[in-house]
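Since the structure comes first, as structure tokens, the remarks are kept for the end.
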Amino acid sequence: MDVDRPVLVVGATGKTGRAVCTALVAAGAPVRAAVRAGREPAAPTGTTPVVVDLATGQGLTAALEGARAAYHLAPNMHPDEVGIAERMATAAVDVGLERLVFHSVLHPDDARMPHHLRKAEAEAVLREALGQPLTVLRPAAYHQNLVAQALSGMLAVPYSLDAPSTNVDLADVAEVAADALLGAHAGLTLDLAGPEALSTRLLAAQAAAVLGREVGDRRMSVQE
Ligand SMILES: NC(=O)c1ccc[n+]([C@@H]2O[C@H](COP(=O)([O-])OP(=O)(O)OC[C@H]3O[C@@H](n4cnc5c(N)ncnc54)[C@H](OP(=O)(O)O)[C@@H]3O)[C@@H](O)[C@H]2O)c1
């Protein structure tokens with residue numbers, strides 16, 4: 001019976017939500033795709049769109065009603081990430097949601113990245129509000145973030161070109177998310193990182209080798 005109940009995915013038309021929906025549909029799960037009003041046609045293939053406004057919380061309770069689980073995330077760099085988490089927590093408690101999985105970030109407590117701290121606070125808000133243990137995924141930066149730049153011939157990042165990072169494939173993150181939503185990893189907090197620590201310089205060199213043409217690297221200012 002339980003498997004017939006849908007899984008709600010927040011931000012379903014975005015980069016992450018779309019990947020999570022795709023993984024869930026591939027696993028055979030019915031998926032409710034939370035989208036903004038008017039964005040129903042952009043819902044991922046195989047999902048049922050449901051209109052939600054994260055800014056006000058409108059539609060959230062109805063979207064969660066009858067769902068077996070929900071994947072929560074905030075739009076990228078959203079200044080009100082904590083408020084969005086509060087609205088999700090309230091709606092989840094209202095409907096007695098059994099399983100919530102939160103898409104956080106690797107190193108949410110690192111104050112050198114102020115937007116990460118909003119994720120740490122959102123995690124705390126959700127943990128505090130829910131009656132059941134929260135499952136949290138903390139992914140590193142996605143491998144996919146730099147692909148378009150690599151294809152255009154220049155990697156430009158707002159941090160040291162020698163700083164190593166453990167970029168992760170978004171499809172792998174989505175697979176773990178789907179597993180968590182469908183029953184695995186309950187109550188765990190999982191760091192999700194790629195297998196290698198590579199600097200931007202090394203990534204540019206690898207991209208050049210694979211593409212067979214020059215790929216440069218450049219440190220850009222945060223304001224750019
Ligand atoms: N990129 C990375 O490397 C990385 C790594 C780890 C964690 N993360 C985190 O992953 C999360 C998702 O990032 P993303 O790049 O997937 O985001 P995104 O592509 O910007 O997608 C955001 C989604 O939220 C929707 N949305 C925006 N405002 C809304 C509102 N008021 N009501 C309802 N829906 C709304 C967007 O709808 P529309 O399509 O209509 O705009 C879209 O579906 C972020 O919190 C980010 O910090 C990212």
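By order of appearance in the structure tokens: chains A, B, ..., then residues from 1 within every chain, and ligands from 1 in the order shown.
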Legend entry - Near-region 218-220 of chain A list (7 Å; only C-alpha atoms; drop same-chain fewer than 5 positions) as a PyMOL selection string: chain A and resi 155-161
Could the residues in this selection be saved with C-alpha atoms as a PDB file, in the first residue's frame?
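Written output follows (part-v7.pdb):
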ATOM      1  CA  LEU A 155      36.898  27.452 -15.844  1.00  0.00           C
ATOM      2  CA  ALA A 156      36.312  30.606 -13.784  1.00  0.00           C
ATOM      3  CA  VAL A 157      35.803  30.259 -10.006  1.00  0.00           C
ATOM      4  CA  PRO A 158      35.645  32.804  -7.162  1.00  0.00           C
ATOM      5  CA  TYR A 159      38.210  30.972  -4.994  1.00  0.00           C
ATOM      6  CA  SER A 160      41.830  29.834  -5.200  1.00  0.00           C
ATOM      7  CA  LEU A 161      42.616  27.826  -8.337  1.00  0.00           C
TER       8      LEU A 161
END
Inset, instruction - Determine, counting only C-alpha atoms, which protein, DNA and RNA residues have an atom within 9 Å of an atom of Pro195 (chain A); residues of the same chain fewer than 5 positions away are not included. Present the result as a list in words. - result: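 After dropping sequence-adjacent residues, the list is Thr166, Asn167 and Val168 of chain A.
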Residue subset to file, keeping N, CA, C and O atoms, as a PDB file, in the first residue's frame:
ATOM      1  N   THR A 166      36.011  18.201  -3.742  1.00  0.00           N
ATOM      2  CA  THR A 166      35.631  16.805  -4.009  1.00  0.00           C
ATOM      3  C   THR A 166      34.286  16.793  -4.734  1.00  0.00           C
ATOM      4  O   THR A 166      33.284  16.289  -4.222  1.00  0.00           O
ATOM      5  N   ASN A 167      34.257  17.404  -5.916  1.00  0.00           N
ATOM      6  CA  ASN A 167      32.988  17.508  -6.658  1.00  0.00           C
ATOM      7  C   ASN A 167      32.339  16.129  -6.828  1.00  0.00           C
ATOM      8  O   ASN A 167      33.023  15.137  -7.037  1.00  0.00           O
ATOM      9  N   VAL A 168      31.009  16.143  -6.772  1.00  0.00           N
ATOM     10  CA  VAL A 168      30.264  14.887  -6.810  1.00  0.00           C
ATOM     11  C   VAL A 168      29.308  14.930  -8.008  1.00  0.00           C
ATOM     12  O   VAL A 168      28.828  16.006  -8.399  1.00  0.00           O
TER      13      VAL A 168
END
Inset, instruction - For each of A:Ala141, A:Ala69, A:Val31, A:Leu130, take the minimum atom-to-atom distance to ligand 1, counting only C-alpha atoms and all ligand atoms, then give the residue where this is smallest. - result: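 Among the listed residues, A:Ala141 lies closest to ligand 1.
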Inset, instruction - Counting only C-alpha atoms and all ligand atoms, name the residues that have an atom within 7 Å of an atom of ligand 1; the answer should be given as a PyMOL selection string. - result: chain A and resi 10-17+34-36+39+52-55+73-77+103-106+138-142+145
Pick out the residues sitting within 12 Å of region 205-209 of chain A, and hand them over as a CSV table (one decimal) with N, CA, C and O atoms, in the first residue's frame; count only C-alpha atoms, and ignore anything fewer than 6 positions along from it in its own chain.
chain,number,residue,atom,x,y,z
A,143,HIS,N,29.7,18.1,-9.8
A,143,HIS,CA,30.5,17.9,-11.0
A,143,HIS,C,29.9,18.7,-12.2
A,143,HIS,O,30.6,19.4,-12.9
A,146,LEU,N,30.6,22.7,-13.5
A,146,LEU,CA,31.7,23.3,-14.3
A,146,LEU,C,31.7,22.7,-15.8
A,146,LEU,O,32.5,23.1,-16.6
A,147,VAL,N,30.7,21.9,-16.1
A,147,VAL,CA,30.7,21.2,-17.4
A,147,VAL,C,30.6,22.3,-18.5
A,147,VAL,O,31.3,22.3,-19.5
A,148,ALA,N,29.6,23.2,-18.4
A,148,ALA,CA,29.4,24.2,-19.5
A,148,ALA,C,30.6,25.0,-19.6
A,148,ALA,O,31.0,25.4,-20.8
A,149,GLN,N,31.2,25.4,-18.5
A,149,GLN,CA,32.5,26.2,-18.6
A,149,GLN,C,33.6,25.5,-19.3
A,149,GLN,O,34.3,26.0,-20.1
A,150,ALA,N,33.7,24.2,-18.9
A,150,ALA,CA,34.8,23.4,-19.6
A,150,ALA,C,34.5,23.3,-21.1
A,150,ALA,O,35.5,23.5,-21.9
A,151,LEU,N,33.3,23.2,-21.5
A,151,LEU,CA,33.0,23.1,-22.9
A,151,LEU,C,33.3,24.4,-23.6
A,151,LEU,O,33.6,24.5,-24.8
A,152,SER,N,33.1,25.5,-22.8
A,152,SER,CA,33.3,26.8,-23.4
A,152,SER,C,34.8,27.2,-23.4
A,152,SER,O,35.2,28.2,-24.0
A,153,GLY,N,35.7,26.4,-22.7
A,153,GLY,CA,37.1,26.6,-22.8
A,153,GLY,C,37.7,27.4,-21.6
A,153,GLY,O,38.9,27.7,-21.7
A,154,MET,N,36.9,27.7,-20.6
A,154,MET,CA,37.5,28.4,-19.5
A,154,MET,C,36.8,28.1,-18.2
A,154,MET,O,35.5,28.3,-18.1
A,155,LEU,N,37.5,27.6,-17.2
A,155,LEU,CA,36.9,27.5,-15.8
A,155,LEU,C,37.2,28.7,-15.0
A,155,LEU,O,38.3,29.1,-14.9
A,161,LEU,N,42.6,28.9,-7.3
A,161,LEU,CA,42.6,27.8,-8.3
A,161,LEU,C,43.3,26.6,-7.8
A,161,LEU,O,43.2,25.5,-8.5
A,198,LEU,N,40.3,17.5,-6.2
A,198,LEU,CA,41.0,18.1,-7.4
A,198,LEU,C,40.9,19.6,-7.4
A,198,LEU,O,39.8,20.1,-7.1
A,199,SER,N,42.0,20.3,-7.7
A,199,SER,CA,41.9,21.7,-7.8
A,199,SER,C,41.3,22.1,-9.1
A,199,SER,O,41.2,21.3,-10.0
A,215,VAL,N,41.7,24.2,-22.3
A,215,VAL,CA,40.7,24.7,-21.3
A,215,VAL,C,41.5,25.5,-20.3
A,215,VAL,O,42.3,24.9,-19.6
A,216,GLY,N,41.2,26.8,-20.2
A,216,GLY,CA,41.9,27.6,-19.3
A,216,GLY,C,41.3,27.6,-17.9
A,216,GLY,O,40.3,27.0,-17.6
A,217,ASP,N,42.0,28.3,-16.9
A,217,ASP,CA,41.4,28.5,-15.6
A,217,ASP,C,41.7,30.0,-15.2
A,217,ASP,O,42.7,30.6,-15.5
Inset, instruction - Show which residues sit within 10 Å of region 45-51 of chain A, as an MDAnalysis selection string. Count only C-alpha atoms, and ignore same-chain residues fewer than 5 positions away. - result: chainID A and resid 6:10 12:13 18 21:22 24:26 28:40 58:60 62:64
Inset, instruction - Excluding Asp109 (chain A) and residues on its chain fewer than 5 positions from it, collect all residues at most 10 Å away from it, counting only C-alpha atoms, and give them as an MDAnalysis selection string. - result: chainID A and resid 114:121
Convert the current residue selection to file output with C-alpha atoms, as a CSV table (one decimal), in the first residue's frame.
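Okay, this is what ended up in result_28.csv:
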chain,number,residue,atom,x,y,z
A,114,PRO,CA,28.0,32.5,4.9
A,115,HIS,CA,25.3,30.9,2.7
A,116,HIS,CA,26.3,27.5,4.1
A,117,LEU,CA,25.4,28.7,7.6
A,118,ARG,CA,21.8,29.1,6.5
A,119,LYS,CA,21.8,25.4,5.7
A,120,ALA,CA,23.1,24.6,9.2
A,121,GLU,CA,20.3,26.7,10.7
Legend entry - Residue contacts of Asp94 (chain A) (10 Å, only C-alpha atoms) excluding same-chain residues fewer than 6 positions away, as a list in words: Thr61, Leu64, Glu65 and Met88 of chain A
Inset, instruction - Looking only at strand (DSSP E or B) from DSSP on the backbone, list the matching residues of region 109-194 of chain A as a list in words. - result: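 DSSP on the backbone gives strand (DSSP E or B) at Thr135, Val136, Leu137, Arg138, Pro139, Tyr142, Met154, Leu155, Ala156, Val157, Ser165, Val168, Thr189, Leu190, Asp191 and Leu192 of chain A.
Of note, CA of Ala67 (chain A) and CA of Glu98 (chain A) are spaced 8.6 Å apart.
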Legend entry - Contacts of Ala174 (chain A) within 8 Å, only C-alpha atoms, excl. fewer than 3 positions in-chain, as a ChimeraX atom specification: /A:16,19-20,23,170-171,177-178
Legend entry - DSSP helix (DSSP H, G or I) residues within region 39-203 of chain A, as a PyMOL selection string: chain A and resi 40-42+60-64+81-95+114-129+143-152+170-181+200-203
Legend entry - Between CA of Leu203 (chain A) and CA of Thr189 (chain A) - distance in Å to one decimal: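 Rounded to one decimal, the two atoms are 28.2 Å apart.
CA of Ala85 (chain A) to CA of Ala184 (chain A) spans 22.2 Å [interatomic distance, one decimal].
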